[in-house]
>>> print(open('structure.txt').read())   # compact mmCIF, C-alpha atoms and all ligand atoms
# COMPACT_ATOMS: atom_id res chain seq x y z
CA MET O 1 8.88 -97.42 48.90
CA LEU O 2 11.65 -98.35 46.52
CA PRO O 3 11.57 -96.51 43.20
CA ASP O 4 10.50 -98.60 40.20
CA ASN O 5 13.51 -99.74 38.23
CA LEU O 6 12.40 -99.12 34.66
CA LEU O 7 15.12 -101.34 33.15
CA GLY O 8 12.95 -104.31 34.06
CA LEU O 9 9.73 -103.24 32.37
CA ASP O 10 8.78 -104.48 28.92
CA ARG O 11 6.68 -102.34 26.60
CA ALA O 12 3.32 -103.41 28.05
CA ALA O 13 4.50 -102.95 31.64
CA LEU O 14 6.01 -99.57 30.86
CA GLU O 15 2.74 -98.47 29.23
CA ARG O 16 0.93 -99.50 32.40
CA PHE O 17 3.50 -97.61 34.44
CA PHE O 18 2.86 -94.39 32.47
CA ALA O 19 -0.89 -94.89 32.53
CA GLY O 20 -0.60 -95.23 36.32
CA MET O 21 1.11 -91.83 36.41
CA GLY O 22 -1.71 -90.34 34.35
CA GLU O 23 0.63 -90.05 31.35
CA LYS O 24 0.11 -91.11 27.76
CA PRO O 25 1.13 -94.75 27.31
CA PHE O 26 3.07 -93.95 24.11
CA ARG O 27 5.75 -92.35 26.25
CA ALA O 28 6.80 -95.94 26.92
CA ARG O 29 8.18 -96.10 23.39
CA ILE O 30 10.32 -93.02 23.88
CA LEU O 31 11.61 -94.33 27.16
CA LEU O 32 12.48 -97.78 25.82
CA ARG O 33 14.60 -96.18 23.13
CA TRP O 34 16.45 -93.96 25.56
CA LEU O 35 17.09 -96.73 28.05
CA HIS O 36 18.11 -99.56 25.79
CA ARG O 37 19.07 -98.07 22.42
CA GLN O 38 20.93 -95.08 23.83
CA GLY O 39 21.94 -96.74 27.09
CA GLU O 40 20.82 -93.60 28.91
CA GLY O 41 19.91 -94.08 32.55
CA ASP O 42 19.51 -90.41 33.53
CA PHE O 43 15.95 -89.21 32.98
CA ALA O 44 17.12 -85.57 33.07
CA ARG O 45 18.87 -86.08 29.75
CA MET O 46 15.83 -87.46 27.94
CA THR O 47 15.22 -84.15 26.27
CA ASP O 48 12.21 -85.08 24.20
CA LEU O 49 10.20 -85.65 27.38
CA SER O 50 8.82 -82.56 29.10
CA ARG O 51 10.86 -81.19 31.96
CA ALA O 52 7.95 -81.82 34.32
CA LEU O 53 7.78 -85.47 33.31
CA ARG O 54 11.54 -85.91 33.63
CA GLU O 55 11.35 -84.54 37.15
CA ARG O 56 8.46 -86.80 38.09
CA LEU O 57 10.29 -89.81 36.71
CA GLY O 58 13.36 -88.88 38.70
CA ALA O 59 11.24 -88.77 41.84
CA VAL O 60 9.47 -92.12 41.49
CA ALA O 61 11.66 -94.25 39.27
CA GLU O 62 15.21 -95.17 38.40
CA ALA O 63 17.12 -97.00 35.68
CA ARG O 64 19.94 -98.83 37.33
CA ALA O 65 21.94 -101.94 36.53
CA PRO O 66 23.39 -104.07 39.32
CA GLU O 67 26.70 -102.72 40.57
CA VAL O 68 29.76 -104.39 39.07
CA LEU O 69 31.90 -105.97 41.78
CA SER O 70 34.61 -107.44 39.59
CA ARG O 71 35.56 -107.96 35.98
CA HIS O 72 37.82 -110.65 34.57
CA CYS O 73 39.02 -111.00 31.02
CA SER O 74 40.06 -114.36 29.58
CA ALA O 75 42.96 -114.92 27.22
CA ASP O 76 40.36 -115.84 24.57
CA GLY O 77 38.50 -112.52 24.92
CA THR O 78 35.70 -113.83 27.15
CA VAL O 79 34.74 -111.33 29.86
CA LYS O 80 33.14 -112.28 33.18
CA TRP O 81 31.56 -109.79 35.54
CA ALA O 82 30.34 -110.37 39.07
CA MET O 83 27.39 -108.12 39.81
CA GLN O 84 25.72 -107.29 43.09
CA THR O 85 22.03 -108.06 43.43
CA ALA O 86 19.52 -106.47 45.77
CA GLY O 87 19.60 -109.52 48.04
CA GLY O 88 23.29 -108.85 48.75
CA ASN O 89 24.48 -111.71 46.57
CA ALA O 90 26.84 -111.67 43.63
CA VAL O 91 25.86 -113.21 40.30
CA GLU O 92 27.99 -113.71 37.22
CA THR O 93 27.52 -112.59 33.62
CA VAL O 94 29.71 -113.74 30.75
CA LEU O 95 30.39 -112.11 27.38
CA ILE O 96 31.59 -114.49 24.69
CA PRO O 97 32.89 -112.74 21.56
CA ASP O 98 33.08 -115.11 18.60
CA GLY O 99 33.81 -113.72 15.17
CA GLY O 100 30.97 -111.33 14.42
CA ARG O 101 28.90 -112.52 17.36
CA ASN O 102 28.81 -111.23 20.91
CA THR O 103 26.89 -113.67 23.05
CA LEU O 104 25.97 -112.61 26.57
CA CYS O 105 25.24 -115.34 29.11
CA VAL O 106 23.03 -113.90 31.86
CA SER O 107 22.10 -115.15 35.32
CA SER O 108 18.46 -115.32 36.36
CA GLN O 109 18.87 -116.38 39.99
CA ALA O 110 21.48 -116.04 42.73
CA GLY O 111 22.58 -119.64 43.02
CA CYS O 112 20.24 -122.38 41.93
CA ALA O 113 17.81 -124.65 43.72
CA LEU O 114 18.10 -127.58 41.33
CA ASP O 115 21.49 -129.00 42.29
CA CYS O 116 22.32 -130.80 39.05
CA ALA O 117 25.12 -133.22 39.87
CA PHE O 118 27.69 -131.72 37.49
CA CYS O 119 27.04 -127.98 37.95
CA ALA O 120 29.09 -125.71 40.22
CA THR O 121 26.25 -123.20 40.62
CA GLY O 122 23.98 -125.85 42.10
CA LYS O 123 26.62 -126.82 44.64
CA GLN O 124 26.32 -123.41 46.26
CA GLY O 125 22.63 -123.68 46.91
CA PHE O 126 20.01 -121.06 46.26
CA ALA O 127 19.73 -117.51 47.53
CA GLY O 128 16.93 -115.90 45.57
CA ASN O 129 15.47 -114.66 42.32
CA LEU O 130 16.81 -111.77 40.31
CA SER O 131 14.36 -109.05 39.34
CA ALA O 132 13.70 -108.41 35.65
CA ALA O 133 15.70 -105.18 36.04
CA GLU O 134 18.66 -107.16 37.39
CA ILE O 135 18.49 -109.53 34.42
CA VAL O 136 18.12 -106.78 31.80
CA GLY O 137 20.68 -104.75 33.76
CA GLN O 138 23.34 -107.34 32.89
CA VAL O 139 22.66 -106.76 29.19
CA TRP O 140 22.44 -103.00 29.70
CA HIS O 141 25.81 -102.93 31.40
CA ALA O 142 27.57 -105.13 28.83
CA THR O 143 26.07 -103.10 25.97
CA ARG O 144 27.30 -99.86 27.49
CA GLU O 145 30.74 -101.30 28.04
CA LEU O 146 30.97 -102.48 24.43
CA ALA O 147 29.77 -99.06 23.22
CA ALA O 148 32.41 -97.36 25.37
CA ARG O 149 35.08 -99.53 23.77
CA GLY O 150 33.96 -97.92 20.52
CA GLU O 151 34.13 -101.08 18.47
CA GLY O 152 30.62 -100.53 17.21
CA GLN O 153 29.71 -104.10 18.05
CA ALA O 154 26.70 -104.63 20.27
CA ILE O 155 25.39 -107.75 21.95
CA THR O 156 24.02 -110.03 19.22
CA ASN O 157 22.79 -113.00 21.26
CA VAL O 158 21.60 -113.48 24.83
CA VAL O 159 21.40 -116.89 26.49
CA PHE O 160 19.82 -117.48 29.91
CA MET O 161 22.54 -119.98 30.75
CA GLY O 162 24.27 -118.27 33.63
CA MET O 163 23.40 -118.94 37.25
CA GLY O 164 19.91 -120.13 38.06
CA GLU O 165 16.89 -121.76 36.50
CA PRO O 166 15.05 -119.09 34.47
CA LEU O 167 11.75 -120.97 34.39
CA LEU O 168 11.68 -120.96 38.20
CA ASN O 169 11.87 -117.17 37.97
CA PHE O 170 9.30 -117.16 35.23
CA ASP O 171 7.78 -113.68 35.41
CA ALA O 172 11.10 -111.87 35.62
CA ALA O 173 12.86 -114.02 33.03
CA THR O 174 10.08 -113.74 30.45
CA MET O 175 9.66 -110.01 31.08
CA ALA O 176 13.40 -109.56 30.54
CA ALA O 177 13.34 -111.65 27.36
CA ASN O 178 10.53 -109.45 26.05
CA VAL O 179 12.70 -106.36 26.52
CA LEU O 180 15.51 -108.08 24.62
CA ILE O 181 13.37 -108.87 21.57
CA ASP O 182 11.51 -105.54 21.46
CA ASP O 183 12.51 -103.53 18.38
CA LEU O 184 12.43 -100.34 20.41
CA ALA O 185 14.78 -101.79 23.02
CA TYR O 186 17.52 -104.32 22.09
CA GLY O 187 15.70 -105.57 18.99
CA LEU O 188 17.30 -109.03 19.09
CA SER O 189 15.78 -111.71 16.90
CA LYS O 190 13.72 -114.38 18.65
CA ARG O 191 16.30 -116.88 17.41
CA ARG O 192 19.02 -115.05 19.28
CA VAL O 193 17.43 -114.92 22.70
CA THR O 194 17.46 -118.35 24.33
CA ILE O 195 15.96 -119.42 27.61
CA SER O 196 17.64 -122.59 28.86
CA THR O 197 15.87 -124.86 31.33
CA ALA O 198 16.65 -128.01 33.27
CA GLY O 199 13.10 -129.07 32.39
CA VAL O 200 10.33 -127.25 34.28
CA ALA O 201 7.68 -128.84 32.06
CA PRO O 202 4.60 -126.78 33.07
CA ARG O 203 6.48 -123.54 32.42
CA ILE O 204 7.72 -124.78 29.04
CA ARG O 205 4.06 -125.17 28.10
CA GLU O 206 3.38 -121.57 29.13
CA LEU O 207 6.51 -120.05 27.66
CA ALA O 208 5.31 -119.29 24.13
CA GLY O 209 2.29 -117.47 25.58
CA ARG O 210 4.64 -115.08 27.38
CA VAL O 211 7.52 -114.49 25.02
CA ASP O 212 8.49 -115.57 21.53
CA CYS O 213 12.11 -116.51 22.10
CA SER O 214 14.13 -119.71 21.65
CA LEU O 215 14.17 -122.67 23.99
CA ALA O 216 17.07 -124.84 25.12
CA VAL O 217 16.57 -127.88 27.32
CA SER O 218 19.33 -129.38 29.44
CA LEU O 219 18.70 -133.05 28.80
CA HIS O 220 22.04 -134.73 29.57
CA ALA O 221 20.70 -138.31 29.64
CA PRO O 222 18.62 -140.53 27.37
CA ASP O 223 16.71 -142.34 30.13
CA ASP O 224 15.03 -141.50 33.42
CA ASP O 225 17.27 -143.62 35.64
CA LEU O 226 20.37 -141.72 34.63
CA ARG O 227 18.63 -138.35 34.36
CA ASP O 228 17.19 -138.74 37.85
CA GLU O 229 20.77 -138.85 39.12
CA LEU O 230 22.16 -136.02 37.02
CA VAL O 231 19.21 -133.62 37.03
CA PRO O 232 17.17 -134.23 40.20
CA LEU O 233 14.31 -132.16 38.77
CA ASN O 234 13.69 -135.16 36.50
CA ARG O 235 12.03 -136.95 39.39
CA ARG O 236 9.34 -134.35 39.28
CA TYR O 237 9.11 -133.91 35.52
CA PRO O 238 10.37 -137.12 33.89
CA ILE O 239 11.62 -137.26 30.32
CA ALA O 240 8.29 -138.22 28.72
CA GLU O 241 6.57 -135.24 30.31
CA LEU O 242 9.46 -132.94 29.45
CA LEU O 243 9.44 -133.96 25.79
CA ASP O 244 5.67 -133.64 25.67
CA ALA O 245 6.02 -130.07 26.92
CA CYS O 246 8.66 -129.43 24.23
CA SER O 247 6.26 -130.71 21.56
CA GLU O 248 3.62 -128.36 22.85
CA TRP O 249 6.05 -125.44 22.72
CA LEU O 250 6.98 -126.38 19.15
CA ALA O 251 3.32 -126.55 18.14
CA GLN O 252 2.80 -123.07 19.55
CA VAL O 253 5.83 -121.40 17.98
CA GLY O 254 5.38 -122.95 14.57
CA GLN O 255 6.94 -125.11 11.96
CA ARG O 256 10.40 -123.83 11.40
CA ARG O 257 11.67 -123.62 14.92
CA ALA O 258 13.59 -126.26 16.85
CA VAL O 259 14.41 -126.91 20.48
CA THR O 260 18.09 -126.97 21.35
CA MET O 261 18.84 -130.07 23.42
CA GLU O 262 21.90 -129.60 25.58
CA TYR O 263 23.89 -132.64 26.57
CA ALA O 264 26.90 -132.30 28.87
CA LEU O 265 29.29 -135.16 28.14
CA LEU O 266 30.56 -136.78 31.33
CA ARG O 267 33.30 -139.36 31.06
CA GLY O 268 32.09 -142.89 31.65
CA VAL O 269 28.65 -141.66 32.70
CA ASN O 270 26.61 -140.68 29.63
CA ASP O 271 29.16 -140.64 26.79
CA SER O 272 29.02 -144.14 25.24
CA LEU O 273 27.80 -144.95 21.75
CA ALA O 274 24.89 -146.78 23.34
CA HIS O 275 23.91 -143.51 25.01
CA ALA O 276 24.21 -141.68 21.69
CA ARG O 277 21.99 -144.22 19.99
CA ALA O 278 19.42 -144.10 22.78
CA LEU O 279 19.44 -140.31 22.59
CA ALA O 280 18.92 -140.36 18.82
CA LYS O 281 15.96 -142.70 19.24
CA LEU O 282 14.45 -140.74 22.11
CA LEU O 283 14.55 -137.42 20.29
CA ARG O 284 13.17 -138.63 16.98
CA PRO O 285 9.67 -137.18 17.56
CA ILE O 286 11.03 -133.75 18.54
CA ARG O 287 12.24 -131.13 16.10
CA CYS O 288 15.57 -130.31 17.67
CA LYS O 289 19.25 -129.75 17.33
CA ILE O 290 21.69 -131.16 19.82
CA ASN O 291 24.42 -129.17 21.52
CA LEU O 292 27.10 -131.31 23.14
CA ILE O 293 28.98 -129.68 26.02
CA PRO O 294 32.14 -131.52 27.09
CA PHE O 295 32.10 -131.31 30.89
CA ASN O 296 33.75 -128.23 32.35
CA PRO O 297 35.55 -129.11 35.56
CA PHE O 298 35.37 -127.13 38.80
CA PRO O 299 36.97 -127.68 42.20
CA GLY O 300 35.48 -130.69 43.93
CA ALA O 301 33.59 -131.92 40.86
CA ALA O 302 32.85 -135.63 40.76
CA PHE O 303 33.04 -135.87 36.96
CA GLU O 304 35.61 -135.69 34.20
CA ARG O 305 35.61 -134.55 30.62
CA PRO O 306 35.66 -137.39 28.08
CA ALA O 307 38.62 -137.76 25.71
CA ALA O 308 38.33 -135.74 22.49
CA ALA O 309 37.91 -138.96 20.47
CA THR O 310 34.92 -139.97 22.61
CA VAL O 311 33.30 -136.58 22.05
CA GLN O 312 33.88 -136.91 18.32
CA ALA O 313 32.45 -140.41 18.19
CA PHE O 314 29.35 -139.32 20.11
CA HIS O 315 28.92 -136.38 17.78
CA ALA O 316 29.36 -138.56 14.70
CA ALA O 317 26.80 -141.08 15.94
CA LEU O 318 24.21 -138.29 16.17
CA SER O 319 25.16 -136.63 12.88
CA ASN O 320 25.02 -139.97 11.09
CA THR O 321 21.46 -140.50 12.20
CA GLY O 322 20.46 -137.16 10.69
CA TYR O 323 20.71 -134.78 13.65
CA THR O 324 22.24 -131.36 13.55
CA ALA O 325 24.65 -131.67 16.42
CA THR O 326 27.31 -129.22 17.53
CA VAL O 327 30.05 -129.44 20.10
CA ARG O 328 30.23 -126.34 22.24
CA THR O 329 33.71 -124.91 22.37
CA THR O 330 34.86 -124.24 25.87
CA ARG O 331 35.37 -120.53 26.36
CA GLY O 332 36.76 -118.59 29.26
CA ASP O 333 37.67 -121.56 31.43
CA ASP O 334 40.87 -119.81 32.55
CA ILE O 335 38.59 -117.38 34.42
CA ALA O 336 36.01 -120.02 35.42
CA ALA O 337 33.48 -118.56 33.02
CA ALA O 338 32.53 -121.73 31.13
CA CYS O 339 29.14 -123.47 31.41
CA GLY O 340 28.54 -124.75 34.89
CA GLN O 341 31.49 -122.89 36.39
CA LEU O 342 29.64 -119.76 37.49
CA VAL O 343 29.42 -119.35 41.21
CA GLY O 344 29.40 -115.67 42.19
CA ALA O 345 28.94 -115.37 45.93
CA VAL O 346 25.58 -116.30 47.32
CA THR O 347 24.34 -116.78 50.80
CA ASP O 348 22.66 -120.11 50.58
CA ARG O 349 19.20 -120.26 52.01
CA THR O 350 18.51 -123.85 51.12
CA ARG O 351 21.37 -125.93 52.41
CA ARG O 352 21.03 -125.24 56.04
CA SER O 353 19.45 -128.46 56.93
CA ALA O 354 18.33 -127.24 60.34
CA ARG O 355 16.43 -124.36 58.83
CA HIS O 356 14.93 -126.58 56.25
CA ALA O 357 13.82 -129.09 58.84
CA GLU O 358 12.14 -126.27 60.75
CA ARG O 359 10.43 -125.05 57.63
CA ALA O 360 9.27 -128.51 56.68
CA ALA O 361 7.97 -129.14 60.18
CA ALA O 362 6.17 -125.79 60.27
CA ALA O 363 4.51 -126.55 56.96
CA ALA O 364 3.86 -130.11 58.06
CA VAL O 365 4.99 -131.24 54.65
CA PRO O 366 7.04 -134.40 54.50
CA VAL O 367 10.38 -133.82 52.83
CA ARG O 368 10.18 -135.51 49.48
CA ILE O 369 12.94 -137.66 48.10
CA ALA O 370 15.12 -136.71 51.02
CA ALA O 371 16.77 -140.08 50.80
CA ALA O 372 18.22 -139.38 47.39
CA PRO O 373 21.95 -138.81 47.79
CA THR O 374 22.35 -136.19 45.08
CA VAL O 375 19.38 -134.09 46.05
CA ASP O 376 19.43 -131.21 48.44
CA SER O 377 15.97 -131.52 49.84
CA GLY O 378 16.08 -127.89 50.89
CA ALA O 379 15.93 -126.97 47.24
CA TRP O 380 12.51 -128.36 46.71
CA PRO O 381 10.20 -125.74 48.13
CA ALA O 382 11.35 -123.42 45.35
CA VAL O 383 10.41 -126.02 42.79
CA GLU O 384 7.11 -126.75 44.37
CA ALA O 385 6.18 -123.11 44.28
CA VAL O 386 5.71 -123.31 40.53
CA GLY O 387 3.99 -126.65 40.28
N1 LIG O 401 19.32 -123.84 34.69
C1 LIG O 401 19.39 -123.71 33.27
C2 LIG O 401 20.48 -122.77 32.77
C3 LIG O 401 21.86 -122.84 33.38
S1 LIG O 401 23.15 -123.89 32.85
C4 LIG O 401 19.55 -125.06 32.64
O1 LIG O 401 19.70 -126.03 33.35
O2 LIG O 401 19.45 -125.14 31.42
C5 LIG O 401 23.53 -123.81 31.19
C6 LIG O 401 23.98 -125.16 30.65
O3 LIG O 401 25.29 -125.58 31.13
C7 LIG O 401 23.03 -126.27 31.04
O4 LIG O 401 22.79 -127.10 29.96
C8 LIG O 401 23.82 -126.97 32.10
O5 LIG O 401 23.32 -128.25 32.33
C9 LIG O 401 25.21 -126.92 31.56
N2 LIG O 401 26.24 -127.20 32.56
C10 LIG O 401 26.17 -127.02 33.89
N3 LIG O 401 27.32 -127.39 34.48
C11 LIG O 401 28.14 -127.82 33.51
C12 LIG O 401 29.49 -128.27 33.50
N4 LIG O 401 30.21 -128.36 34.62
N5 LIG O 401 30.02 -128.60 32.31
C13 LIG O 401 29.32 -128.46 31.18
N6 LIG O 401 28.06 -128.01 31.12
C14 LIG O 401 27.47 -127.69 32.28
>>> encode(input="structure.txt", output="structure tokens")
Amino acid sequence: MLPDNLLGLDRAALERFFAGMGEKPFRARILLRWLHRQGEGDFARMTDLSRALRERLGAVAEARAPEVLSRHCSADGTVKWAMQTAGGNAVETVLIPDGGRNTLCVSSQAGCALDCAFCATGKQGFAGNLSAAEIVGQVWHATRELAARGEGQAITNVVFMGMGEPLLNFDAATMAANVLIDDLAYGLSKRRVTISTAGVAPRIRELAGRVDCSLAVSLHAPDDDLRDELVPLNRRYPIAELLDACSEWLAQVGQRRAVTMEYALLRGVNDSLAHARALAKLLRPIRCKINLIPFNPFPGAAFERPAAATVQAFHAALSNTGYTATVRTTRGDDIAAACGQLVGAVTDRTRRSARHAERAAAAAVPVRIAAAPTVDSGAWPAVEAVG
């Protein structure tokens, strides 16, 4: 049996782990501090645990981040790591220093099953979920690297905006987010840990019950016709249902919070003033702020970034109707570390149409929406698994 990787256990899970060993659950608190505050992965050095317990831990458990395969540093200070996951894939993690902030963008899956039209990750297909330890391990590694640099500046924000759809890896992503907000571990504020989703509505409804963090939704279009093309998941959870789920999340987390609506601006596709006006109208019932992301190109992409004046006009149209809207600055694009550019190296398990056909035949399930040109039908079983 593989040893338990304790990096992936939140306080409740770690208490259960100790109880299962016949140990006092409060040891979980000591361990969380060692692992995440001190960045210590060697149980032998955790000197306020008994020697016997340290030895037992060493025998049954480990604390190990994914191995770093490569590290690139951008001219603007952005760092991108490729890390090896248990499934033999490589996922990418990006550190974005910005004034006093250090935002870490983590991956939650190797590849992505959703195949949004404008995202490089989706083009590679899907290879599997990351474990909670592999998600937290990205933060653990970056924190240790920053500490080793001796600049005294830790990670201040974590966004689940790397590779993958976190709400399709719900247990691991929410467990990881709980470690990030735990005062004994990373102690990040709930406003500084953001799970970003392409719109898995049922999981948005369950999110607040699992973890009190922030929510970003990748909207990208003000109507279903356009969103169906850009974000194929919309065919399953259309805009009305998605926004209803957002309202429910807002009701659960309370008055002063807002959803961040992300909107990638694609030249000639969703960037007109009519789109901006439709977006403003659509979002009126939802407490939200809007984050505009001028499209980040990647090889083979079918879209272009709008002119700066178009971005400004779109932004102004939203601001003038009373929205808090921001334009995301592109960071790290010289090392392909910007939004939608993360690809790592994954062995796709969804795109092999022959395998998918076999699977569909074996399950005797008709392939849904297979006729849609932008949809990789092989991606859908992963979506259905949550439904
Ligand atoms: N699956 C999650 C998180 C990953 S992507 C989600 O969909 O939210 C993080 C953000 O970058 C999303 O809003 C995504 O739509 C956006 N994005 C993807 N590709 C992009 C590109 N090429 N240019 C700009 N933004 C992009």
>>> residues_near_ligand(input="structure.txt", ligand="ligand LIG 401 (chain O)", cutoff="9 Å", atoms="all atoms listed in the file", output="ChimeraX atom specification")
/O:105,107-108,112,114,116-122,159-168,195-199,216-220,231,261-266,291-298,301,303,305,330,338-342
>>> closest_atom_pairs(input="structure.txt", of="range 68-150 of chain O", to="range 34-53 of chain O", cutoff="8 Å", atoms="all atoms listed in the file", output="tab-separated table")
residue	atom	partner	partner_atom	distance
O:Trp140	CA	O:His36	CA	6.8
O:Thr143	CA	O:Gly39	CA	7.7
O:Arg144	CA	O:Gly39	CA	6.2
>>> closest_residue(input="structure.txt", among="O:Val79, O:Val311, O:Cys213, O:Ala251", to="Arg328 in chain O", atoms="all atoms listed in the file")
O:Val311
>>> atom_distance(input="structure.txt", atom1="CA of Gly88 in chain O", atom2="CA of Val60 in chain O")
22.9 Å
>>> atom_distance(input="structure.txt", atom1="CA of Leu282 in chain O", atom2="CA of Pro222 in chain O")
6.7 Å
>>> atom_distance(input="structure.txt", atom1="CA of Thr174 in chain O", atom2="CA of Leu243 in chain O")
20.8 Å
>>> decode(input="structure.txt", residues="range 71-90 of chain O", atoms="N, CA and C atoms", output="compact mmCIF listing (two decimals), in the first residue's frame")
# COMPACT_ATOMS: atom_id res chain seq x y z
N ARG O 71 11.80 24.55 -14.46
CA ARG O 71 11.47 25.83 -13.83
C ARG O 71 11.86 26.92 -14.82
N HIS O 72 10.92 27.79 -15.14
CA HIS O 72 11.23 28.89 -16.04
C HIS O 72 10.90 30.19 -15.35
N CYS O 73 11.73 31.19 -15.60
CA CYS O 73 11.50 32.49 -14.99
C CYS O 73 11.30 33.52 -16.09
N SER O 74 10.21 34.30 -15.98
CA SER O 74 9.89 35.30 -17.00
C SER O 74 10.65 36.59 -16.72
N ALA O 75 10.80 37.40 -17.75
CA ALA O 75 11.43 38.71 -17.59
C ALA O 75 10.66 39.55 -16.57
N ASP O 76 9.36 39.31 -16.40
CA ASP O 76 8.59 40.12 -15.45
C ASP O 76 8.55 39.50 -14.04
N GLY O 77 9.36 38.47 -13.81
CA GLY O 77 9.44 37.90 -12.46
C GLY O 77 8.52 36.70 -12.24
N THR O 78 7.63 36.45 -13.19
CA THR O 78 6.74 35.29 -13.09
C THR O 78 7.57 34.00 -13.19
N VAL O 79 7.24 33.03 -12.35
CA VAL O 79 7.97 31.75 -12.38
C VAL O 79 6.97 30.65 -12.75
N LYS O 80 7.38 29.75 -13.62
CA LYS O 80 6.52 28.62 -13.97
C LYS O 80 7.28 27.32 -13.75
N TRP O 81 6.65 26.43 -12.97
CA TRP O 81 7.24 25.11 -12.77
C TRP O 81 6.40 24.07 -13.48
N ALA O 82 7.06 23.04 -14.01
CA ALA O 82 6.34 21.83 -14.42
C ALA O 82 6.61 20.80 -13.34
N MET O 83 5.55 20.17 -12.86
CA MET O 83 5.71 19.18 -11.80
C MET O 83 5.11 17.85 -12.23
N GLN O 84 5.76 16.81 -11.76
CA GLN O 84 5.38 15.45 -12.14
C GLN O 84 4.27 14.94 -11.22
N THR O 85 3.22 14.41 -11.79
CA THR O 85 2.16 13.85 -10.95
C THR O 85 2.25 12.32 -10.95
N ALA O 86 1.50 11.72 -10.02
CA ALA O 86 1.60 10.27 -9.85
C ALA O 86 1.22 9.53 -11.14
N GLY O 87 0.33 10.11 -11.91
CA GLY O 87 -0.10 9.45 -13.14
C GLY O 87 0.93 9.53 -14.26
N GLY O 88 2.11 10.10 -13.96
CA GLY O 88 3.16 10.20 -14.98
C GLY O 88 2.97 11.39 -15.90
N ASN O 89 2.12 12.32 -15.52
CA ASN O 89 1.92 13.52 -16.33
C ASN O 89 2.66 14.69 -15.71
N ALA O 90 2.78 15.76 -16.48
CA ALA O 90 3.37 16.97 -15.94
C ALA O 90 2.31 18.06 -15.91
